[in-house]
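**Q** Submitted below is the structure of interest, expressed as structure tokens.
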Amino acid sequence: MWHRLKNLVLENRWLFGVLLLTLGMLFYHISYRTFWMDETAVLAYLKLSPINFLVSYWQVPDNHPPLYYFLVLLVSKILPWNELAIRLVSILSGFGVVILVYLFTLEITNEKRLALVATFFTAFSSYFILISQMARYHSLAVFFALLTLYFFYLFLKDGNQKAWYYYLVALVFTAYSDYPQFFYVAVLTNLCYLYCLIRRQTPMRLLKWINGQFIAAIFCLPLVWMLYHRIFVQGDGGWSNVNLLGNSWLNNIGGIFFHFYVYFFGENIFPWNYLFFGSGTVVLLVAVVGLVVGNRRKVLDRSRMLIIIFAGSLIVLNTLFMNVADRRYNFIVYPKFGFVAYPLFVMSLVFCITSFRSRRIQLVIFMLWVAVSLYGLQNFYNVTNYLNPSYFRTFEAFEFVRDNSMVGQQLAITGDANDGVYNFYKDKYFVNLSPLSHDELKLVKTGFEVWFFSTAFDGPEASVGVLDRIPVGFEILKQFDSVPLDTKFKLFKERILRRPSYNYKYSVYLLRKI
């Protein structure tokens with residue numbers, strides 16, 4: 001057995017090397033930042049038992065399906081409460097995505113070299129590490145969504161019936177992980193099947209296909225109730241809001257191109273980082289030329305072109321869906337919800353670049369890609385040069401509260417520091433404080449002191465700074481600001497939006513009622 005294991009490792013040493021590098025990057029600095037606002041949603045469930053969670057969630061569902069929350073809850077019952085435990089489901093899902101990229105690319109090309117290159121560049125990315133370390137459902141949903149596309153491809157390739165059953169199972173798991181990702185892969189695979197049916201190239205009759213989709217839909221029926229309850233019973237104002245660019249055609253075009261920007265440059269490379277931004281631009285332009293050259297020379301066969309079409313279609317679907325289904329989101333956050341297109345985008349770039357006959361050209365372009373990714377990762381791990389500061393909430397504000405709070409003071413429970421945050425960090429940072437609800441905050445007497453976390457954001461009509469969110473009737477005794485916005489980026493945003501933007505993303509205040 002040991003001999004077989006040794007041979008397996010030696011025969012696939014480069015793959016194991018890439019996978020070890022991936023794990024190292026995913027676990028490195030896992031606790032160097034705390035949970036930003038959206039991540040704190042999962043903390044609210046930690047004190048529930050798995051059964052109580054299912055009952056509670058059924059009665060009051062969240063914006064997102066329950067599978068991710070349920071898995072994190074299970075992990076939290078096994079491991080100590082820390083950032084690693086809460087992010088572990090996302091990390092392992094991201095690792096699974098990397099493995100799927102290898103298997104998918106190898107299945108398409110039958111070339112280990114290309115599969116390794118695609119696997120490496122999928123993982124070696126600040127964008128990928130950011131999403132895969134996030135205590136959110138994104139990487140779990142993308143794992144199942146990519147698995148769905150992988151089994152669908154195997155089914156199309158040779159009519160593998162087992163692959164078709166696995167495709168249906170993966171599709172259901174995708175639905176229980178994220179609504180948009182389920183919508184994207186369901187639409188894409190059904191359109192692809194109908195195209196093959198019209199061309200008389202499908203390995204399955206229409207009636208059997210419809211029956212399979214119907215069975216999958218039956219398993220997804222509980223989600224219909226949850227979504228209905230969330231939107232129409234609880235209410236979700238996102239449907240009536242407008243985004244930063246007013247839902248215009250410019251927003252749609254900007255959203256589509258912004259996917260490519262973030263997928264390649266991550267959150268940490270601005271256009272004024274001339275050397276690395278220029279290098280990345282060269283890589284993308286060469287890939288476009290490779291697409292044309294490869295198509296003319298028939299190097300990009302039907303399987304590779306299918307991946308390229310999938311990647312582009314998912315980006316367009318995500319842009320249009322987010323602009324209609326939840327208009328409050330602007331194109332800056334679209335790539336987070338279209339994470340499923342990212343691994344296919346990386347595979348597409350690899351296919352296009354390797355369309356050139358010259359290995360020297362390929363090597364130069366790949367080395368430029370490595371340089372861009374390395375620079376982005378350096379900025380990411382150092383928490384500098386970030387495009388969206390929401391994701392980089394540090395512990396400095398928590399430490400300020402710990403070092404300056406006194407017994408008898410309280411912590412305001414708001415969206416920026418909810419019950420889950422208080423309970424999770426109570427013993428470490430809030431030991432002197434007791435929680436105070438938003439309604440109780442309005443009733444406190446003169447002289448009362450409370451700690452108040454505040455988050456700045458750019459709304460559709462005005463810029464809301466951290467000071468704007470302080471409740472009326474309080475004076476500031478102490479203050480700590482963290483996560484400053486890049487100066488050039490702030491000016492750039494203000495030029496586009498034609499209004500002021502905030503200086504700091506996060507602040508904490510000690511307030512006194514006057």
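Naming works like this for the structure tokens: A, B, ... for the chains as they're shown, residue 1 at the start of each chain, ligands 1 onward in shown order.
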Would you mind writing down, as a ChimeraX atom specification, each residue of stretch 170-342 of chain A that DSSP on the backbone assigns to alpha helix (DSSP H)?
**A** /A:170-175,179-198,206-219,221-228,249-265,274-296,302-325,334-337,341-342
**Q** Hey, what's within 9 Å of stretch 291-304 of chain A if we count only C-alpha atoms and toss same-chain stuff fewer than 4 positions away? As a list in words, please?
**A**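 Surrounding residues, per the criterion: Thr105, Ile108, Thr109, Tyr153, Lys157, Val286, Ala287, Ile308, Ile309, Met347, Ser348, Leu349, Phe351, Cys352, Ile353, Thr354, Ser355 and Phe356 of chain A.
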**Q** Skip A:Leu206 itself and residues of its chain fewer than 5 positions away, then list as an mmCIF file with N, CA and C atoms, in the first residue's frame all residues within 12 Å of it, counting only C-alpha atoms.
**A**
data_model
loop_
_atom_site.group_PDB
_atom_site.id
_atom_site.type_symbol
_atom_site.label_atom_id
_atom_site.label_comp_id
_atom_site.auth_asym_id
_atom_site.auth_seq_id
_atom_site.Cartn_x
_atom_site.Cartn_y
_atom_site.Cartn_z
ATOM 1 N N ASN A 190 -29.790 23.956 -19.538
ATOM 2 C CA ASN A 190 -31.012 23.691 -20.300
ATOM 3 C C ASN A 190 -30.947 24.300 -21.695
ATOM 4 N N TYR A 193 -28.678 22.069 -23.683
ATOM 5 C CA TYR A 193 -29.370 20.844 -24.083
ATOM 6 C C TYR A 193 -30.320 21.106 -25.253
ATOM 7 N N LEU A 194 -31.084 22.203 -25.181
ATOM 8 C CA LEU A 194 -32.019 22.518 -26.260
ATOM 9 C C LEU A 194 -31.292 22.773 -27.581
ATOM 10 N N TYR A 195 -30.122 23.419 -27.496
ATOM 11 C CA TYR A 195 -29.322 23.648 -28.700
ATOM 12 C C TYR A 195 -28.900 22.305 -29.314
ATOM 13 N N CYS A 196 -28.427 21.406 -28.461
ATOM 14 C CA CYS A 196 -28.034 20.072 -28.952
ATOM 15 C C CYS A 196 -29.234 19.314 -29.507
ATOM 16 N N LEU A 197 -30.391 19.519 -28.886
ATOM 17 C CA LEU A 197 -31.601 18.848 -29.350
ATOM 18 C C LEU A 197 -31.987 19.337 -30.752
ATOM 19 N N ILE A 198 -31.896 20.640 -30.951
ATOM 20 C CA ILE A 198 -32.205 21.211 -32.263
ATOM 21 C C ILE A 198 -31.225 20.705 -33.315
ATOM 22 N N ARG A 200 -29.832 17.927 -33.206
ATOM 23 C CA ARG A 200 -29.925 16.462 -33.177
ATOM 24 C C ARG A 200 -28.624 15.807 -32.715
ATOM 25 N N GLN A 201 -28.035 16.420 -31.713
ATOM 26 C CA GLN A 201 -26.773 15.914 -31.172
ATOM 27 C C GLN A 201 -26.908 15.549 -29.695
ATOM 28 N N ASN A 211 -38.360 15.054 -17.440
ATOM 29 C CA ASN A 211 -38.653 14.312 -16.208
ATOM 30 C C ASN A 211 -37.555 14.522 -15.159
ATOM 31 N N GLY A 212 -36.310 14.495 -15.595
ATOM 32 C CA GLY A 212 -35.192 14.716 -14.676
ATOM 33 C C GLY A 212 -35.221 16.111 -14.072
ATOM 34 N N GLN A 213 -35.486 17.113 -14.901
ATOM 35 C CA GLN A 213 -35.571 18.478 -14.402
ATOM 36 C C GLN A 213 -36.743 18.633 -13.430
#
**Q** Could you check the closest approach to A:Gly473 for each of A:Phe453, A:Tyr261, A:Phe448, A:Phe214 and tell me which residue wins, using only C-alpha atoms?
**A**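 So, comparing all the options, the nearest one is A:Phe448.
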**Q** Compile the contact shell of A:Phe424 as a PyMOL selection string: residues with an atom at most 9 Å away, counting only C-alpha atoms, same-chain residues fewer than 6 positions apart removed.
**A** chain A and resi 43+46+81-82
**Q** Residues of the last selection are to be written out with N, CA and C atoms, as a PDB file, in the first residue's frame.
**A**
ATOM      1  N   LEU A  43     -22.935  34.197  12.265  1.00  0.00           N
ATOM      2  CA  LEU A  43     -22.644  34.158  13.699  1.00  0.00           C
ATOM      3  C   LEU A  43     -23.918  34.103  14.535  1.00  0.00           C
ATOM      4  N   LEU A  46     -24.997  30.470  15.671  1.00  0.00           N
ATOM      5  CA  LEU A  46     -24.059  29.549  16.310  1.00  0.00           C
ATOM      6  C   LEU A  46     -24.565  28.931  17.605  1.00  0.00           C
ATOM      7  N   TRP A  81     -14.659  28.027  18.808  1.00  0.00           N
ATOM      8  CA  TRP A  81     -15.143  29.211  18.098  1.00  0.00           C
ATOM      9  C   TRP A  81     -13.972  30.140  17.773  1.00  0.00           C
ATOM     10  N   ASN A  82     -13.566  30.148  16.543  1.00  0.00           N
ATOM     11  CA  ASN A  82     -12.572  31.102  16.059  1.00  0.00           C
ATOM     12  C   ASN A  82     -12.811  31.320  14.568  1.00  0.00           C
TER      13      ASN A  82
END
**Q** Counting only C-alpha atoms, which residue out of A:Val370, A:Phe104, A:Asp458, A:Ser177 sits closest to A:Glu494?
**A** A:Asp458
**Q** Quick one: residues within 7 Å of stretch 399-403 of chain A, only C-alpha atoms, excluding same-chain residues fewer than 2 positions away - as a list of chain:residue names?
**A** A:Phe395, A:Glu396, A:Ala397, A:Ser405, A:Tyr429, A:Phe430
**Q** Give me, as a count of residues only, all polymer residues having an atom no more than 10 Å from A:Phe182, counting only C-alpha atoms and skipping those fewer than 3 positions away in the same chain.
**A** 19
**Q** Of the candidates A:Gln181, A:Asn432, A:Gln410, A:Ser482, which shows the shortest atom-to-atom distance to A:Val450, using only C-alpha atoms?
**A**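 The answer is A:Gln410, which sits nearest to A:Val450.
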**Q** So, counting only C-alpha atoms, which residue among A:Thr202, A:Arg136, A:Arg230, A:Tyr45 is closest to A:Leu156?
**A**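 The closest residue to A:Leu156 is A:Thr202.
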**Q** Quick one: everything within 12 Å of A:Phe270, counting only C-alpha atoms, minus sequence neighbours fewer than 3 positions away in the same chain. Send it as a PyMOL selection string.
**A** chain A and resi 261-262+264-267+273-278+280-281+372+375-376+379+384-388+486-490+492
